[in-house]
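Peer 1: Dropping the structure in here first, questions after.
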Amino acid sequence: MIKALALFSGGLDSILAVRLIEEQGIDMRGICFESPFFSAQKARQSARYIGIPLTVMDITERMLPIVLNPRHGYGKGMNPCIDCHALMFRVAGEMLKEEGARFMISGEVLGQRPMSQNLRSLSIISRESGFDGLILRPLSAKRLPETLAESQGWVNRERLLELSGRSRKPQIELAKGYGVEQYPSPAGGCLLTDVVFSRRLKDLITKNPGFSRPDLELLKQGRHFRISEGTKIVVGRNKRENEAIISLTRREDTLLTVELFPGPTTLVIGDSPLEELEVAAAITVSYSDAPLHQPVNVVMKRDSTRKTFRARRVEKSAFHRFMI
């Protein structure tokens, strides 16, 4: 039996692409990628639902140079979609021999994303992956150049589709025909497309070019404030974020909490001067339930050191100029 690898996000399009190729007698194996910017959670759920084996790989090490300097630029955020998709196909292509697979598929639809799924972009992705001709996009195949899988008769081109554009109505109808009732919404996905996350990432790259994986994970938590060139603070918004912030704290960092009143855990990154810690304490109190304008205690902890500040809660708008 012929085998193929599916770049499998877990979304409806990738589910349908797998079904289209499976019904031609091809043994499908899914592959999904993880990084600090996207997870494989949806892929795992959908793979279990449709019953295909799934391999998950972390591609952070190979992806970071692309995020920092993409050959084909960014989208609206810091999303280097063309370069990133080419990398994903390159990694999957490197697995073909190991998996005993002859070609790869994806659920990409021509024109669904104007910048990264137009004809030119799809062509660039295929070529720069190093596996041009081995990448089949079943949902739009009849609108795209013939691939090796079609010319060699591994799949029948006439049984593939010619979808294009952003409407999802054809996919929803096709899903009904296949009896596919469970699939995630198309929202979410890559954090690099998020404007706020991208702004935080730009700040991190600029102020701390030697950043680490925990620094990237921290970008997902809380509210971020840049008090000075050398001082950034992260203020938790709820219990889950407070716990995440604590778990990402290093010995040289400082944690601030408000005594007696519910409020955030605030992380001050690095060794900051007293006046900046006082600003951080004021921000911490202002995002707590302490009474407005009333002095309260703010506890500072750094490694084994513990100190107490007095700070007043003021209107949050006073600190908007620091927000990243």
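In the structure tokens, the first chain shown is A, the next is B, and so on; residue numbers restart at 1 for each chain, and ligands run from 1 in the order shown.
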Assign secondary structure with DSSP using the backbone only, and return the residues of region 145-322 of chain A in helix (DSSP H, G or I) as a PDB file with C-alpha atoms, in the first residue's frame.
Peer 2:
```
ATOM      1  CA  LEU A 148       4.318  13.563  -8.978  1.00  0.00           C
ATOM      2  CA  ALA A 149       1.605  11.726  -7.028  1.00  0.00           C
ATOM      3  CA  GLU A 150      -0.848  12.529  -9.833  1.00  0.00           C
ATOM      4  CA  SER A 151       1.439  12.021 -12.818  1.00  0.00           C
ATOM      5  CA  ARG A 157      -6.360  13.821 -10.138  1.00  0.00           C
ATOM      6  CA  GLU A 158      -9.980  13.693 -11.337  1.00  0.00           C
ATOM      7  CA  ARG A 159     -11.125  12.706  -7.849  1.00  0.00           C
ATOM      8  CA  LYS A 169     -19.294  26.508   2.772  1.00  0.00           C
ATOM      9  CA  PRO A 170     -17.887  23.857   0.375  1.00  0.00           C
ATOM     10  CA  GLN A 171     -15.763  22.370   3.162  1.00  0.00           C
ATOM     11  CA  ILE A 172     -18.711  22.276   5.567  1.00  0.00           C
ATOM     12  CA  GLU A 173     -20.846  20.466   2.980  1.00  0.00           C
ATOM     13  CA  LEU A 174     -18.013  18.059   2.232  1.00  0.00           C
ATOM     14  CA  ALA A 175     -17.630  17.361   5.951  1.00  0.00           C
ATOM     15  CA  LYS A 176     -21.303  16.410   6.151  1.00  0.00           C
ATOM     16  CA  GLY A 177     -20.797  13.984   3.280  1.00  0.00           C
ATOM     17  CA  TYR A 178     -17.907  12.332   5.106  1.00  0.00           C
ATOM     18  CA  LEU A 191       0.544  33.562  18.128  1.00  0.00           C
ATOM     19  CA  LEU A 192       2.834  35.324  15.667  1.00  0.00           C
ATOM     20  CA  THR A 193      -0.277  36.603  13.885  1.00  0.00           C
ATOM     21  CA  VAL A 195      -0.726  42.000  17.216  1.00  0.00           C
ATOM     22  CA  VAL A 196      -0.130  42.191  20.980  1.00  0.00           C
ATOM     23  CA  PHE A 197       2.057  39.084  21.093  1.00  0.00           C
ATOM     24  CA  SER A 198       4.065  40.360  18.120  1.00  0.00           C
ATOM     25  CA  ARG A 199       4.625  43.678  19.869  1.00  0.00           C
ATOM     26  CA  ARG A 200       5.922  41.851  22.947  1.00  0.00           C
ATOM     27  CA  LEU A 201       8.182  39.671  20.818  1.00  0.00           C
ATOM     28  CA  LYS A 202       9.649  42.698  19.037  1.00  0.00           C
ATOM     29  CA  ASP A 203      10.369  44.280  22.407  1.00  0.00           C
ATOM     30  CA  LEU A 204      12.066  41.092  23.630  1.00  0.00           C
ATOM     31  CA  ILE A 205      14.219  40.772  20.515  1.00  0.00           C
ATOM     32  CA  THR A 206      15.268  44.427  20.722  1.00  0.00           C
ATOM     33  CA  LYS A 207      15.967  44.630  24.455  1.00  0.00           C
ATOM     34  CA  ARG A 213      12.813  29.592  25.644  1.00  0.00           C
ATOM     35  CA  PRO A 214      11.318  30.626  29.043  1.00  0.00           C
ATOM     36  CA  ASP A 215      11.423  34.265  27.873  1.00  0.00           C
ATOM     37  CA  LEU A 216       9.235  33.269  24.925  1.00  0.00           C
ATOM     38  CA  GLU A 217       6.849  31.354  27.163  1.00  0.00           C
ATOM     39  CA  LEU A 218       6.532  34.393  29.419  1.00  0.00           C
ATOM     40  CA  LYS A 239      -4.684  32.713  39.295  1.00  0.00           C
ATOM     41  CA  ARG A 240      -3.518  30.589  36.360  1.00  0.00           C
ATOM     42  CA  GLU A 241      -1.276  33.361  35.028  1.00  0.00           C
ATOM     43  CA  ASN A 242       0.068  34.145  38.494  1.00  0.00           C
ATOM     44  CA  GLU A 243       1.111  30.503  38.873  1.00  0.00           C
ATOM     45  CA  ALA A 244       2.653  30.463  35.389  1.00  0.00           C
ATOM     46  CA  ILE A 245       4.626  33.638  36.142  1.00  0.00           C
ATOM     47  CA  ILE A 246       5.983  32.143  39.362  1.00  0.00           C
ATOM     48  CA  SER A 247       7.062  28.993  37.504  1.00  0.00           C
ATOM     49  CA  LEU A 274      14.864  50.885  43.801  1.00  0.00           C
ATOM     50  CA  GLU A 275      12.929  53.600  41.970  1.00  0.00           C
ATOM     51  CA  GLU A 276      11.844  51.123  39.282  1.00  0.00           C
ATOM     52  CA  LEU A 277      10.795  48.580  41.894  1.00  0.00           C
ATOM     53  CA  GLU A 278       8.638  51.321  43.434  1.00  0.00           C
ATOM     54  CA  VAL A 279       6.951  51.885  40.071  1.00  0.00           C
ATOM     55  CA  ALA A 280       6.407  48.128  39.758  1.00  0.00           C
ATOM     56  CA  ALA A 281       4.885  48.095  43.264  1.00  0.00           C
ATOM     57  CA  ALA A 282       2.500  50.911  42.324  1.00  0.00           C
ATOM     58  CA  ILE A 283       1.428  49.032  39.201  1.00  0.00           C
ATOM     59  CA  THR A 284       0.897  45.860  41.236  1.00  0.00           C
ATOM     60  CA  VAL A 285      -1.353  47.647  43.742  1.00  0.00           C
ATOM     61  CA  SER A 286      -3.273  49.404  40.970  1.00  0.00           C
ATOM     62  CA  LYS A 316      -4.621  52.083  35.751  1.00  0.00           C
ATOM     63  CA  SER A 317      -4.521  54.708  33.011  1.00  0.00           C
ATOM     64  CA  ALA A 318      -1.536  56.262  34.823  1.00  0.00           C
ATOM     65  CA  PHE A 319       0.580  53.329  33.619  1.00  0.00           C
ATOM     66  CA  HIS A 320      -0.694  52.883  30.057  1.00  0.00           C
ATOM     67  CA  ARG A 321       2.384  54.639  28.696  1.00  0.00           C
ATOM     68  CA  PHE A 322       4.532  51.755  29.958  1.00  0.00           C
TER      69      PHE A 322
END
```
Peer 1: Can you list, as a PyMOL selection string, all residues belonging to region 60-205 of chain A that DSSP tags as strand (DSSP E)?
Peer 2: chain A and resi 103-106+135-136
Peer 1: Taking N, CA and C atoms for each residue, export the selection above as an mmCIF file, in the first residue's frame.
Peer 2:
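part14.cif, freshly written:
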```
data_model
loop_
_atom_site.group_PDB
_atom_site.id
_atom_site.type_symbol
_atom_site.label_atom_id
_atom_site.label_comp_id
_atom_site.auth_asym_id
_atom_site.auth_seq_id
_atom_site.Cartn_x
_atom_site.Cartn_y
_atom_site.Cartn_z
ATOM 1 N N PHE A 103 4.858 10.737 -0.785
ATOM 2 C CA PHE A 103 4.573 12.157 -1.014
ATOM 3 C C PHE A 103 3.908 12.745 0.222
ATOM 4 N N MET A 104 3.677 14.069 0.180
ATOM 5 C CA MET A 104 3.064 14.795 1.293
ATOM 6 C C MET A 104 1.806 15.500 0.820
ATOM 7 N N ILE A 105 0.882 15.719 1.752
ATOM 8 C CA ILE A 105 -0.304 16.503 1.448
ATOM 9 C C ILE A 105 -0.492 17.570 2.529
ATOM 10 N N SER A 106 -1.311 18.568 2.216
ATOM 11 C CA SER A 106 -1.732 19.537 3.234
ATOM 12 C C SER A 106 -3.156 19.981 2.898
ATOM 13 N N ILE A 135 4.534 17.631 -3.067
ATOM 14 C CA ILE A 135 3.557 18.272 -2.187
ATOM 15 C C ILE A 135 2.224 18.389 -2.918
ATOM 16 N N LEU A 136 1.245 17.669 -2.436
ATOM 17 C CA LEU A 136 -0.092 17.660 -3.031
ATOM 18 C C LEU A 136 -1.060 18.383 -2.110
#
```
Peer 1: Find the residues around His293 (chain A) up to 7 Å (only C-alpha atoms counted), leave out those fewer than 5 positions away in its own chain, and share them as a list in words.
Peer 2: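 Result of the neighbour search: Arg312, Arg313 and Val314 of chain A.
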Peer 1: Restricting the output to N, CA and C atoms, write the selected residues as an mmCIF file, in the first residue's frame.
Peer 2:
```
data_model
loop_
_atom_site.group_PDB
_atom_site.id
_atom_site.type_symbol
_atom_site.label_atom_id
_atom_site.label_comp_id
_atom_site.auth_asym_id
_atom_site.auth_seq_id
_atom_site.Cartn_x
_atom_site.Cartn_y
_atom_site.Cartn_z
ATOM 1 N N ARG A 312 0.332 53.095 46.784
ATOM 2 C CA ARG A 312 -1.086 53.428 46.676
ATOM 3 C C ARG A 312 -1.647 52.946 45.355
ATOM 4 N N ARG A 313 -2.878 52.502 45.407
ATOM 5 C CA ARG A 313 -3.587 52.164 44.173
ATOM 6 C C ARG A 313 -4.069 53.446 43.525
ATOM 7 N N VAL A 314 -3.769 53.594 42.230
ATOM 8 C CA VAL A 314 -4.253 54.729 41.445
ATOM 9 C C VAL A 314 -4.940 54.192 40.199
#
```
Peer 1: Which residues, written as JSON, numbers by chain, have at least one atom at most 9 Å from Val18 (chain A), with only C-alpha atoms counted and residues fewer than 6 positions away on the same chain left out?
Peer 2: {"A": [6, 8, 28, 29, 30, 52, 105, 106, 107, 138]}
Peer 1: So that I have them on file, write out the residues from the current selection with C-alpha atoms, as a PDB file, in the first residue's frame.
Peer 2:
```pdb
ATOM      1  CA  ALA A   6      -0.172  14.806   5.912  1.00  0.00           C
ATOM      2  CA  PHE A   8      -1.959  17.982   9.896  1.00  0.00           C
ATOM      3  CA  MET A  28      -2.155   8.363   5.668  1.00  0.00           C
ATOM      4  CA  ARG A  29       0.150   9.378   8.529  1.00  0.00           C
ATOM      5  CA  GLY A  30      -0.151  12.809  10.141  1.00  0.00           C
ATOM      6  CA  ILE A  52      -4.879   8.436  11.901  1.00  0.00           C
ATOM      7  CA  ILE A 105      -0.304  16.503   1.448  1.00  0.00           C
ATOM      8  CA  SER A 106      -1.732  19.537   3.234  1.00  0.00           C
ATOM      9  CA  GLY A 107      -5.155  21.131   3.642  1.00  0.00           C
ATOM     10  CA  PRO A 138      -5.994  17.873  -2.530  1.00  0.00           C
TER      11      PRO A 138
END
```
Peer 1: Write out as a PyMOL selection string each polymer residue whose atoms come within 10 Å of Ile66 (chain A), counting only C-alpha atoms; drop sequence neighbours fewer than 6 positions from it.
Peer 2: chain A and resi 60+72-73+79-81+83-84+87
Peer 1: Suppose we keep C-alpha atoms; can you now write the selection as a PDB file, in the first residue's frame?
Peer 2:
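Done, and the output landed in selection-v1.pdb:
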```pdb
ATOM      1  CA  THR A  60      11.606  25.745  17.695  1.00  0.00           C
ATOM      2  CA  HIS A  72       9.913  36.526   2.503  1.00  0.00           C
ATOM      3  CA  GLY A  73       8.981  38.951   5.256  1.00  0.00           C
ATOM      4  CA  ASN A  79       4.311  35.762  11.216  1.00  0.00           C
ATOM      5  CA  PRO A  80       6.756  34.618   8.505  1.00  0.00           C
ATOM      6  CA  CYS A  81       4.112  32.337   6.992  1.00  0.00           C
ATOM      7  CA  ASP A  83       9.160  30.751   5.230  1.00  0.00           C
ATOM      8  CA  CYS A  84       7.532  28.812   8.072  1.00  0.00           C
ATOM      9  CA  LEU A  87      10.271  24.785   6.741  1.00  0.00           C
TER      10      LEU A  87
END
```
Peer 1: Ranking A:Met300, A:Leu256, A:Ile324, A:Leu54 by minimum distance to Leu219 (chain A) and counting only C-alpha atoms, which one comes first?
Peer 2: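 Nearest candidate to Leu219 (chain A) out of A:Met300, A:Leu256, A:Ile324, A:Leu54: A:Ile324.
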Peer 1: Write out as a tab-separated table (two decimals) with N, CA and C atoms, in the first residue's frame which residues come within 6 Å of region 224-234 of chain A when counting only C-alpha atoms, dropping same-chain ones fewer than 3 positions away.
Peer 2:
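Result file follows (out_17.tsv):
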```tsv
chain	number	residue	atom	x	y	z
A	266	THR	N	3.39	39.98	40.32
A	266	THR	CA	4.12	40.78	39.34
A	266	THR	C	5.58	40.32	39.31
A	267	LEU	N	6.07	40.07	38.12
A	267	LEU	CA	7.46	39.67	37.91
A	267	LEU	C	8.25	40.85	37.40
A	268	VAL	N	9.31	41.21	38.10
A	268	VAL	CA	10.25	42.22	37.64
A	268	VAL	C	11.48	41.48	37.13
A	269	ILE	N	11.74	41.60	35.85
A	269	ILE	CA	12.79	40.80	35.23
A	269	ILE	C	14.14	41.47	35.41
A	322	PHE	N	3.50	52.79	29.81
A	322	PHE	CA	4.53	51.76	29.96
A	322	PHE	C	4.14	50.44	29.29
A	323	MET	N	2.88	50.29	28.92
A	323	MET	CA	2.40	48.99	28.46
A	323	MET	C	2.95	48.63	27.08
A	324	ILE	N	3.39	47.39	26.96
A	324	ILE	CA	3.91	46.91	25.68
A	324	ILE	C	2.76	46.36	24.86
```
Peer 1: Pick from A:Phe33, A:Tyr74, A:Tyr183, A:Phe131: nearest to Tyr49 (chain A), with only C-alpha atoms counted?
Peer 2: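 Looking only at the distances to Tyr49 (chain A), the closest residue turns out to be A:Tyr183.
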